[in-house]
$ cat run06.cif   # mmCIF, C-alpha atoms
data_structure
loop_
_atom_site.label_atom_id
_atom_site.label_comp_id
_atom_site.auth_asym_id
_atom_site.auth_seq_id
_atom_site.Cartn_x
_atom_site.Cartn_y
_atom_site.Cartn_z
CA MET A 1392 -24.69 5.82 -8.15
CA THR A 1393 -21.48 3.83 -7.82
CA THR A 1394 -20.29 1.75 -4.93
CA VAL A 1395 -17.55 4.30 -4.36
CA GLU A 1396 -20.06 7.10 -3.94
CA SER A 1397 -22.49 5.26 -1.73
CA GLU A 1398 -19.94 3.84 0.64
CA VAL A 1399 -20.63 4.63 4.26
CA ASP A 1400 -17.83 6.78 5.57
CA GLU A 1401 -15.83 4.73 8.02
CA SER A 1402 -14.55 7.81 9.81
CA SER A 1403 -18.02 8.84 10.98
CA ASP A 1404 -17.68 6.87 14.23
CA PRO A 1405 -18.69 8.63 17.43
CA ALA A 1406 -16.08 10.91 18.87
CA GLU A 1407 -13.72 9.39 21.35
CA PRO A 1408 -13.73 10.55 24.96
CA ASP A 1409 -11.45 13.49 25.67
CA GLN A 1410 -9.21 11.37 27.86
CA ALA A 1411 -8.64 8.88 25.06
CA LYS A 1412 -7.72 11.69 22.71
CA ALA A 1413 -5.30 13.17 25.19
CA LYS A 1414 -3.33 9.94 25.52
CA LYS A 1415 -1.47 9.35 22.28
CA PRO A 1416 0.24 5.99 21.91
CA PRO A 1417 4.02 6.19 21.55
CA LYS A 1418 5.40 5.95 18.04
CA SER A 1419 6.60 2.57 16.91
CA THR A 1420 10.21 1.98 15.88
CA LYS A 1421 9.13 1.86 12.25
CA ALA A 1422 7.37 5.22 12.52
CA ARG A 1423 10.42 6.79 14.16
CA LEU A 1424 12.68 5.42 11.42
CA ILE A 1425 10.41 6.85 8.73
CA ASP A 1426 10.44 10.24 10.46
CA ALA A 1427 14.24 10.11 10.66
CA ALA A 1428 14.53 9.16 6.98
CA ARG A 1429 12.23 12.02 6.05
CA ILE A 1430 14.34 14.53 7.99
CA VAL A 1431 17.56 13.21 6.44
CA ALA A 1432 16.05 13.39 2.94
CA ILE A 1433 14.90 16.98 3.46
CA LEU A 1434 18.29 18.03 4.83
CA LEU A 1435 20.09 16.39 1.90
CA ALA A 1436 17.80 18.12 -0.60
CA ILE A 1437 18.29 21.49 1.06
CA GLY A 1438 22.02 20.87 1.23
CA PHE A 1439 22.14 20.04 -2.48
CA LEU A 1440 20.33 23.24 -3.40
CA ALA A 1441 22.44 25.32 -1.02
CA LYS A 1442 25.70 23.97 -2.45
CA GLN A 1443 24.59 24.51 -6.04
CA LEU A 1444 23.47 28.03 -5.19
CA ALA A 1445 26.74 28.82 -3.39
CA ASP A 1446 28.79 27.54 -6.33
CA ASN A 1447 26.85 29.76 -8.73
CA TRP A 1448 26.03 32.69 -6.44
CA ALA A 1449 27.25 35.51 -8.69
CA GLU A 1450 25.71 34.01 -11.81
CA PHE A 1451 22.46 33.40 -9.95
CA TRP A 1452 21.96 37.10 -9.20
CA ARG A 1453 23.12 38.15 -12.66
CA THR A 1454 20.68 35.73 -14.31
CA LEU A 1455 17.88 36.80 -12.00
CA GLY A 1456 18.36 40.37 -13.20
CA ASP A 1457 18.33 39.24 -16.85
CA LEU A 1458 14.87 37.69 -16.61
CA ALA A 1459 12.52 39.88 -18.66
CA TRP A 1460 9.37 40.86 -16.82
CA GLN A 1461 7.30 40.15 -19.95
CA SER A 1462 8.55 36.57 -20.07
CA THR A 1463 8.05 36.13 -16.35
CA THR A 1464 4.47 37.42 -16.56
CA LEU A 1465 3.58 35.15 -19.47
CA SER A 1466 5.28 32.28 -17.67
CA MET A 1467 3.04 32.83 -14.65
CA VAL A 1468 -0.05 32.92 -16.86
CA ALA A 1469 0.94 29.58 -18.41
CA LEU A 1470 1.45 28.12 -14.94
CA VAL A 1471 -1.95 29.27 -13.67
CA LEU A 1472 -3.60 27.88 -16.80
CA SER A 1473 -1.85 24.54 -16.28
CA ILE A 1474 -3.34 24.24 -12.79
CA ALA A 1475 -6.79 25.14 -14.12
CA VAL A 1476 -6.53 22.50 -16.87
CA SER A 1477 -5.30 19.84 -14.43
CA THR A 1478 -8.28 20.58 -12.16
CA ARG A 1479 -10.60 19.98 -15.12
CA GLY A 1480 -9.16 16.48 -15.45
CA TRP A 1481 -9.74 15.81 -11.75
CA GLN A 1482 -13.32 17.03 -12.08
CA ALA A 1483 -13.96 14.68 -15.02
CA MET A 1484 -12.95 11.74 -12.84
CA VAL A 1485 -15.02 12.83 -9.83
CA ASP A 1486 -18.08 13.39 -12.03
CA ASP A 1487 -17.73 9.90 -13.50
CA LEU A 1488 -17.98 8.37 -10.02
CA GLY A 1489 -21.27 10.01 -9.07
CA LYS A 1490 -23.48 13.02 -9.49
CA PRO A 1491 -21.58 15.82 -11.33
CA ILE A 1492 -20.43 18.57 -8.98
CA GLY A 1493 -19.21 21.18 -11.48
CA TYR A 1494 -15.87 22.84 -12.07
CA PHE A 1495 -15.87 25.45 -9.30
CA ARG A 1496 -16.86 23.02 -6.56
CA SER A 1497 -14.19 20.62 -7.86
CA ALA A 1498 -11.60 23.40 -7.79
CA GLN A 1499 -12.39 24.19 -4.17
CA ILE A 1500 -11.78 20.59 -3.14
CA CYS A 1501 -8.90 19.77 -5.48
CA LEU A 1502 -6.83 22.96 -5.24
CA VAL A 1503 -7.21 23.69 -1.54
CA GLY A 1504 -6.53 20.04 -0.76
CA SER A 1505 -3.49 19.92 -3.04
CA LEU A 1506 -1.67 22.31 -0.69
CA GLY A 1507 -0.94 19.19 1.35
CA LYS A 1508 1.81 18.39 -1.16
CA TYR A 1509 4.02 20.98 0.56
CA VAL A 1510 4.07 18.84 3.69
CA PRO A 1511 6.53 15.92 3.86
CA GLY A 1512 4.52 12.98 2.60
CA GLY A 1513 3.23 15.09 -0.28
CA GLN A 1514 0.52 13.29 -2.23
CA VAL A 1515 -0.65 11.33 0.82
CA TRP A 1516 -1.48 14.48 2.77
CA ALA A 1517 -2.97 16.12 -0.31
CA ALA A 1518 -5.32 13.16 -0.82
CA LEU A 1519 -6.34 13.14 2.84
CA LEU A 1520 -7.08 16.85 2.81
CA GLN A 1521 -9.09 16.54 -0.41
CA MET A 1522 -11.09 13.73 1.15
CA GLU A 1523 -11.93 15.86 4.18
CA LEU A 1524 -12.92 18.84 2.03
CA GLY A 1525 -15.03 16.56 -0.14
CA LYS A 1526 -16.78 15.20 2.94
CA LYS A 1527 -17.66 18.73 4.02
CA ALA A 1528 -19.14 19.31 0.56
CA GLY A 1529 -21.37 16.25 0.95
CA LEU A 1530 -19.23 13.79 -1.03
CA ALA A 1531 -18.08 10.40 0.16
CA ARG A 1532 -14.41 10.29 1.08
CA ALA A 1533 -13.98 7.10 -0.97
CA ARG A 1534 -15.20 8.88 -4.09
CA ILE A 1535 -12.63 11.66 -3.70
CA PHE A 1536 -9.86 9.20 -2.91
CA THR A 1537 -10.62 7.08 -5.97
CA ALA A 1538 -10.71 10.11 -8.26
CA SER A 1539 -7.37 11.37 -6.91
CA LEU A 1540 -5.83 7.90 -7.25
CA ILE A 1541 -6.84 7.60 -10.91
CA GLN A 1542 -5.83 11.19 -11.66
CA LEU A 1543 -2.37 10.50 -10.22
CA GLY A 1544 -1.89 7.34 -12.27
CA VAL A 1545 -3.14 8.83 -15.54
CA GLY A 1546 -1.05 11.96 -14.92
CA ILE A 1547 2.11 9.89 -14.57
CA VAL A 1548 1.41 8.13 -17.88
CA ALA A 1549 0.83 11.49 -19.58
CA ALA A 1550 4.13 12.76 -18.17
CA LEU A 1551 5.96 9.67 -19.42
CA VAL A 1552 4.61 10.29 -22.92
CA LEU A 1553 5.78 13.90 -22.91
CA SER A 1554 9.15 12.84 -21.47
CA LEU A 1555 9.99 11.55 -24.96
CA PHE A 1556 10.68 15.17 -25.94
CA ALA A 1557 13.57 15.33 -23.48
CA MET A 1558 14.98 11.85 -24.06
CA PRO A 1559 18.17 12.97 -25.90
CA SER A 1560 19.17 15.14 -22.95
CA VAL A 1561 18.10 12.58 -20.38
CA PHE A 1562 20.14 9.75 -21.89
CA ALA A 1563 23.13 12.06 -22.36
CA ASN A 1564 23.18 12.79 -18.61
CA SER A 1565 21.82 9.50 -17.30
CA PRO A 1566 22.27 6.35 -19.42
CA ASN A 1567 20.33 4.37 -16.79
CA ALA A 1568 17.09 6.19 -17.61
CA ALA A 1569 15.92 3.34 -19.86
CA TRP A 1570 13.11 2.68 -17.39
CA LEU A 1571 11.29 5.62 -18.96
CA MET A 1572 11.13 3.83 -22.29
CA VAL A 1573 9.80 0.70 -20.58
CA GLY A 1574 7.21 2.63 -18.61
CA ILE A 1575 5.58 4.34 -21.59
CA PRO A 1576 4.08 1.27 -23.35
CA ILE A 1577 3.12 -0.26 -20.01
CA GLY A 1578 1.42 2.98 -18.99
CA LEU A 1579 -0.49 3.28 -22.25
CA VAL A 1580 -1.78 -0.28 -21.92
CA ALA A 1581 -2.84 0.52 -18.36
CA LEU A 1582 -5.08 3.30 -19.71
CA HIS A 1583 -7.34 0.82 -21.48
CA PRO A 1584 -10.76 1.01 -19.74
CA LYS A 1585 -10.77 -2.67 -18.75
CA VAL A 1586 -7.18 -2.58 -17.47
CA LEU A 1587 -7.58 0.72 -15.60
CA THR A 1588 -10.85 -0.43 -14.02
CA TRP A 1589 -9.26 -3.71 -12.92
CA GLY A 1590 -6.13 -1.98 -11.62
CA THR A 1591 -8.11 0.63 -9.69
CA SER A 1592 -10.34 -2.01 -8.13
CA LEU A 1593 -7.27 -4.05 -7.16
CA VAL A 1594 -5.68 -1.08 -5.38
CA LEU A 1595 -8.97 -0.33 -3.63
CA LYS A 1596 -9.22 -3.96 -2.54
CA ILE A 1597 -5.69 -3.87 -1.13
CA LEU A 1598 -6.65 -0.74 0.79
CA ARG A 1599 -9.81 -2.53 1.98
CA ARG A 1600 -12.16 -0.33 -0.02
CA PRO A 1601 -15.09 -1.49 -2.17
CA PRO A 1602 -14.09 -1.94 -5.83
CA LEU A 1603 -15.61 0.02 -8.69
CA ASP A 1604 -18.98 -1.35 -9.75
CA HIS A 1605 -18.77 -0.12 -13.34
CA LYS A 1606 -16.13 0.00 -16.04
CA LEU A 1607 -14.45 3.36 -16.50
CA GLY A 1608 -15.45 4.90 -19.83
CA LEU A 1609 -13.02 5.63 -22.65
CA LYS A 1610 -14.35 9.19 -22.88
CA THR A 1611 -13.66 9.86 -19.21
CA ILE A 1612 -10.17 8.38 -19.38
CA GLY A 1613 -9.51 10.41 -22.52
CA ASN A 1614 -10.63 13.61 -20.81
CA VAL A 1615 -8.40 12.98 -17.81
CA PHE A 1616 -5.44 12.00 -19.98
CA GLY A 1617 -5.91 15.00 -22.29
CA ALA A 1618 -6.18 17.40 -19.36
CA ASN A 1619 -2.95 16.06 -17.88
CA LEU A 1620 -1.15 16.31 -21.22
CA GLY A 1621 -2.31 19.91 -21.52
CA ALA A 1622 -1.27 20.74 -17.96
CA TRP A 1623 2.22 19.24 -18.38
CA ALA A 1624 2.66 21.01 -21.74
CA LEU A 1625 1.66 24.38 -20.25
CA GLN A 1626 4.17 23.87 -17.45
CA GLY A 1627 6.78 23.21 -20.13
CA VAL A 1628 5.79 26.51 -21.77
CA HIS A 1629 6.23 28.18 -18.38
CA LEU A 1630 9.75 26.78 -18.12
CA TRP A 1631 10.69 27.67 -21.70
CA LEU A 1632 9.57 31.29 -21.32
CA LEU A 1633 11.95 31.67 -18.39
CA ALA A 1634 14.86 29.90 -20.08
CA ASN A 1635 14.35 31.64 -23.41
CA SER A 1636 14.57 35.09 -21.82
CA ILE A 1637 18.16 34.50 -20.64
CA GLY A 1638 19.54 32.20 -23.34
CA ALA A 1639 18.70 30.90 -26.77
CA PRO A 1640 16.85 27.58 -26.30
CA GLY A 1641 14.79 28.22 -29.47
CA PHE A 1642 12.31 25.62 -30.74
CA GLY A 1643 14.54 22.70 -29.79
CA GLY A 1644 14.76 24.05 -26.28
CA PHE A 1645 10.99 24.54 -26.24
CA VAL A 1646 10.42 20.85 -26.96
CA GLN A 1647 13.00 19.80 -24.36
CA CYS A 1648 11.48 22.09 -21.73
CA ILE A 1649 8.12 20.34 -22.10
CA GLY A 1650 9.75 16.95 -21.63
CA ALA A 1651 11.96 18.21 -18.81
CA MET A 1652 9.08 19.61 -16.80
CA ALA A 1653 7.07 16.40 -17.23
CA ILE A 1654 10.00 14.29 -15.97
CA ALA A 1655 10.86 16.70 -13.15
CA MET A 1656 7.31 16.92 -11.80
CA THR A 1657 6.89 13.14 -11.94
CA ALA A 1658 10.22 12.59 -10.18
CA GLY A 1659 9.14 15.08 -7.52
CA THR A 1660 5.90 13.14 -7.02
CA PHE A 1661 7.78 9.90 -6.33
CA ALA A 1662 10.09 11.70 -3.90
CA PHE A 1663 7.21 11.71 -1.42
CA LEU A 1664 9.45 12.22 1.62
CA LEU A 1665 10.32 15.69 0.35
CA PRO A 1666 7.76 18.54 0.52
CA GLY A 1667 6.82 19.38 -3.06
CA GLY A 1668 9.65 17.19 -4.37
CA VAL A 1669 12.14 19.90 -3.42
CA GLY A 1670 15.65 19.20 -4.67
CA VAL A 1671 14.69 16.33 -6.95
CA ARG A 1672 12.73 18.51 -9.34
CA GLU A 1673 15.48 21.10 -9.49
CA ALA A 1674 18.16 18.48 -10.16
CA VAL A 1675 16.23 17.14 -13.17
CA LEU A 1676 15.57 20.61 -14.56
CA VAL A 1677 19.20 21.67 -14.26
CA ALA A 1678 20.37 18.49 -15.99
CA VAL A 1679 18.05 18.97 -18.97
CA LEU A 1680 18.25 22.77 -19.23
CA THR A 1681 22.04 22.73 -19.53
CA ALA A 1682 21.58 20.62 -22.66
CA THR A 1683 19.63 23.49 -24.26
CA GLY A 1684 22.72 25.70 -24.30
CA ILE A 1685 22.47 27.68 -21.06
CA THR A 1686 24.99 27.40 -18.23
CA ALA A 1687 24.52 25.41 -15.05
CA GLY A 1688 24.18 28.62 -13.06
CA GLN A 1689 21.48 29.93 -15.37
CA ALA A 1690 19.68 26.59 -15.30
CA LEU A 1691 19.73 26.57 -11.49
CA THR A 1692 18.33 30.10 -11.41
CA VAL A 1693 15.50 29.15 -13.75
CA ALA A 1694 14.72 26.05 -11.66
CA LEU A 1695 14.60 28.04 -8.41
CA VAL A 1696 12.53 30.85 -9.94
CA SER A 1697 10.16 28.21 -11.30
CA ARG A 1698 9.82 26.73 -7.80
CA VAL A 1699 8.84 30.12 -6.36
CA MET A 1700 6.40 30.76 -9.21
CA PHE A 1701 4.72 27.40 -8.59
CA ILE A 1702 4.08 28.43 -4.99
CA VAL A 1703 2.67 31.80 -6.10
CA ALA A 1704 0.48 30.12 -8.74
CA ASP A 1705 -0.85 27.68 -6.12
CA VAL A 1706 -1.70 30.60 -3.85
CA ILE A 1707 -3.47 32.45 -6.70
CA THR A 1708 -5.53 29.49 -7.89
CA THR A 1709 -6.32 28.23 -4.39
CA GLY A 1710 -7.40 31.69 -3.30
CA ALA A 1711 -9.61 32.06 -6.37
CA ALA A 1712 -11.16 28.65 -5.74
CA ALA A 1713 -11.83 29.45 -2.08
CA LEU A 1714 -13.41 32.80 -2.95
CA SER A 1715 -15.62 31.28 -5.63
CA VAL A 1716 -17.70 29.57 -2.94
CA LYS A 1717 -19.41 32.90 -2.32
CA PHE A 1718 -20.90 32.76 -5.80
CA LEU A 1719 -22.21 29.21 -5.50
CA LYS A 1720 -25.21 27.76 -3.76
CA ALA A 1721 -24.65 25.56 -0.73
CA PRO A 1722 -23.82 22.01 -1.84
CA ALA A 1723 -26.49 19.39 -1.51
CA ALA A 1724 -25.51 16.22 0.32
CA GLU A 1725 -25.45 13.10 -1.82
#
$ encode --input "run06.cif" --output "structure tokens"
Amino acid sequence: MTTVESEVDESSDPAEPDQAKAKKPPKSTKARLIDAARIVAILLAIGFLAKQLADNWAEFWRTLGDLAWQSTTLSMVALVLSIAVSTRGWQAMVDDLGKPIGYFRSAQICLVGSLGKYVPGGQVWAALLQMELGKKAGLARARIFTASLIQLGVGIVAALVLSLFAMPSVFANSPNAAWLMVGIPIGLVALHPKVLTWGTSLVLKILRRPPLDHKLGLKTIGNVFGANLGAWALQGVHLWLLANSIGAPGFGGFVQCIGAMAIAMTAGTFAFLLPGGVGVREAVLVAVLTATGITAGQALTVALVSRVMFIVADVITTGAAALSVKFLKAPAAE
């Protein structure tokens, strides 16, 4: 059993008196500024989408009607599969840090907890919720946190690799995107077992958590990386099926859609002030999709439809994960 798994949960302190809970300390100036920045960022993102939608209102509805139901259905299937594959990568990391818990138990923790990404603060709230759900399942919070941290880092590297498919379009619209090319070799080096173990332990030390007590295995890292590549690629298929039904992206568009979705989802992750990366993701998708031959209005429609489908897919997979608990035995505490 690893140090991560056996760590005593620091949040298991006795409950505070009711009076102490009732009196909440006033927010600091820094906290108020962060809240204000978050609100401004959300308003700007909503304003951007609203303006783009208003400028392309007629084309939006026309394009929406042109979407073939067959393509939309297959697109949803690809999206659901991408979430299932991504969960498998998260499970591989959790299992490496302690006693294996199985796919369905992992899905319950990972998918239900990931709904926190729709709250401003995104990945932070998702990680906290996953930690709480893991604790209820008998797992140490530190184990869940570490697994989510590594999954996030490996997922970003996988997205950077797939972003190569969309590089021609990216550089055509944003010459300053050279950071992507710099990030890829750095990210791949960071996936080496020794480097990833050291980096993870360093982050845990900064956060005042015990470091890993064993080197991460190449097989585990490969499983997590492969699962993330598969998930990003399936999300690209989801995007291409939508775009292909209203235009003629063809094979070239298919390749660009995979790269576009990888870049868009990663950009949305870094825009942590915005719930689900709203606005940022759509801006990237519109920029790349227009390079495939469809109009800006059509690209915006596809991006917005994709956003709605992501929400539906999250509801479907989370609901399935929550219901699966009925078919499993009660979890044994570690």
$ resolve_selection --input "run06.cif" --expression "the PyMOL selection byres ((chain A and resi 1472) around 10)" --output "VMD selection string"
chain A and resid 1466 to 1471 1473 to 1478 1621 to 1622 1625 to 1626 1629 1704 1708
$ resolve_selection --input "run06.cif" --expression "the PyMOL selection byres ((chain A and resi 1603-1615) around 8)" --output "list in words"
Thr1393, Thr1394, Val1395, Arg1479, Gly1480, Trp1481, Ala1483, Met1484, Asp1487, Gln1542, Val1545, Gly1546, Leu1582, His1583, Pro1584, Lys1585, Leu1587, Thr1588, Thr1591, Ser1592, Pro1601, Pro1602, Phe1616, Gly1617, Ala1618 and Asn1619 of chain A
$ closest_residue --input "run06.cif" --among "A:Glu1523, A:Ala1634, A:Ala1459, A:Ser1715" --to "A:Leu1695" --atoms "all atoms listed in the file"
A:Ala1634
$ closest_residue --input "run06.cif" --among "A:Phe1495, A:Phe1556, A:Phe1536, A:Trp1460" --to "A:Arg1600" --atoms "all atoms listed in the file"
A:Phe1536
$ residues_near_point --input "run06.cif" --point "(-8.8, 0.1, 3.5)" --cutoff "12 Å" --atoms "all atoms listed in the file" --output "VMD selection string"
chain A and resid 1400 to 1402 1532 to 1533 1536 to 1537 1592 to 1602
$ resolve_selection --input "run06.cif" --expression "the PyMOL selection byres ((chain A and resi 1520) around 9)" --output "VMD selection string"
chain A and resid 1500 to 1501 1503 to 1507 1515 to 1519 1521 to 1525
$ atom_distance --input "run06.cif" --atom1 "atom CA of A:Leu1543" --atom2 "atom CA of A:Tyr1494"
18.4 Å
$ atom_distance --input "run06.cif" --atom1 "atom CA of A:Pro1491" --atom2 "atom CA of A:Gly1710"
22.7 Å
$ residues_around --input "run06.cif" --residues "A:Ala1694" --least-positions-apart "3" --cutoff "12 Å" --atoms "only C-alpha atoms" --output "compact mmCIF listing (two decimals) with C-alpha atoms, keeping the file's coordinate frame"
# COMPACT_ATOMS: atom_id res chain seq x y z
CA LEU A 1440 20.33 23.24 -3.40
CA GLN A 1443 24.59 24.51 -6.04
CA LEU A 1444 23.47 28.03 -5.19
CA PHE A 1451 22.46 33.40 -9.95
CA THR A 1454 20.68 35.73 -14.31
CA LEU A 1455 17.88 36.80 -12.00
CA GLY A 1627 6.78 23.21 -20.13
CA HIS A 1629 6.23 28.18 -18.38
CA LEU A 1630 9.75 26.78 -18.12
CA TRP A 1631 10.69 27.67 -21.70
CA LEU A 1633 11.95 31.67 -18.39
CA ALA A 1634 14.86 29.90 -20.08
CA CYS A 1648 11.48 22.09 -21.73
CA ALA A 1651 11.96 18.21 -18.81
CA MET A 1652 9.08 19.61 -16.80
CA ALA A 1655 10.86 16.70 -13.15
CA MET A 1656 7.31 16.92 -11.80
CA VAL A 1669 12.14 19.90 -3.42
CA GLY A 1670 15.65 19.20 -4.67
CA VAL A 1671 14.69 16.33 -6.95
CA ARG A 1672 12.73 18.51 -9.34
CA GLU A 1673 15.48 21.10 -9.49
CA ALA A 1674 18.16 18.48 -10.16
CA VAL A 1675 16.23 17.14 -13.17
CA LEU A 1676 15.57 20.61 -14.56
CA VAL A 1677 19.20 21.67 -14.26
CA ALA A 1678 20.37 18.49 -15.99
CA VAL A 1679 18.05 18.97 -18.97
CA LEU A 1680 18.25 22.77 -19.23
CA THR A 1681 22.04 22.73 -19.53
CA ALA A 1687 24.52 25.41 -15.05
CA GLY A 1688 24.18 28.62 -13.06
CA GLN A 1689 21.48 29.93 -15.37
CA ALA A 1690 19.68 26.59 -15.30
CA LEU A 1691 19.73 26.57 -11.49
CA SER A 1697 10.16 28.21 -11.30
CA ARG A 1698 9.82 26.73 -7.80
CA VAL A 1699 8.84 30.12 -6.36
CA MET A 1700 6.40 30.76 -9.21
CA PHE A 1701 4.72 27.40 -8.59
$ atom_distance --input "run06.cif" --atom1 "atom CA of A:Gly1641" --atom2 "atom CA of A:Ala1557"
14.3 Å
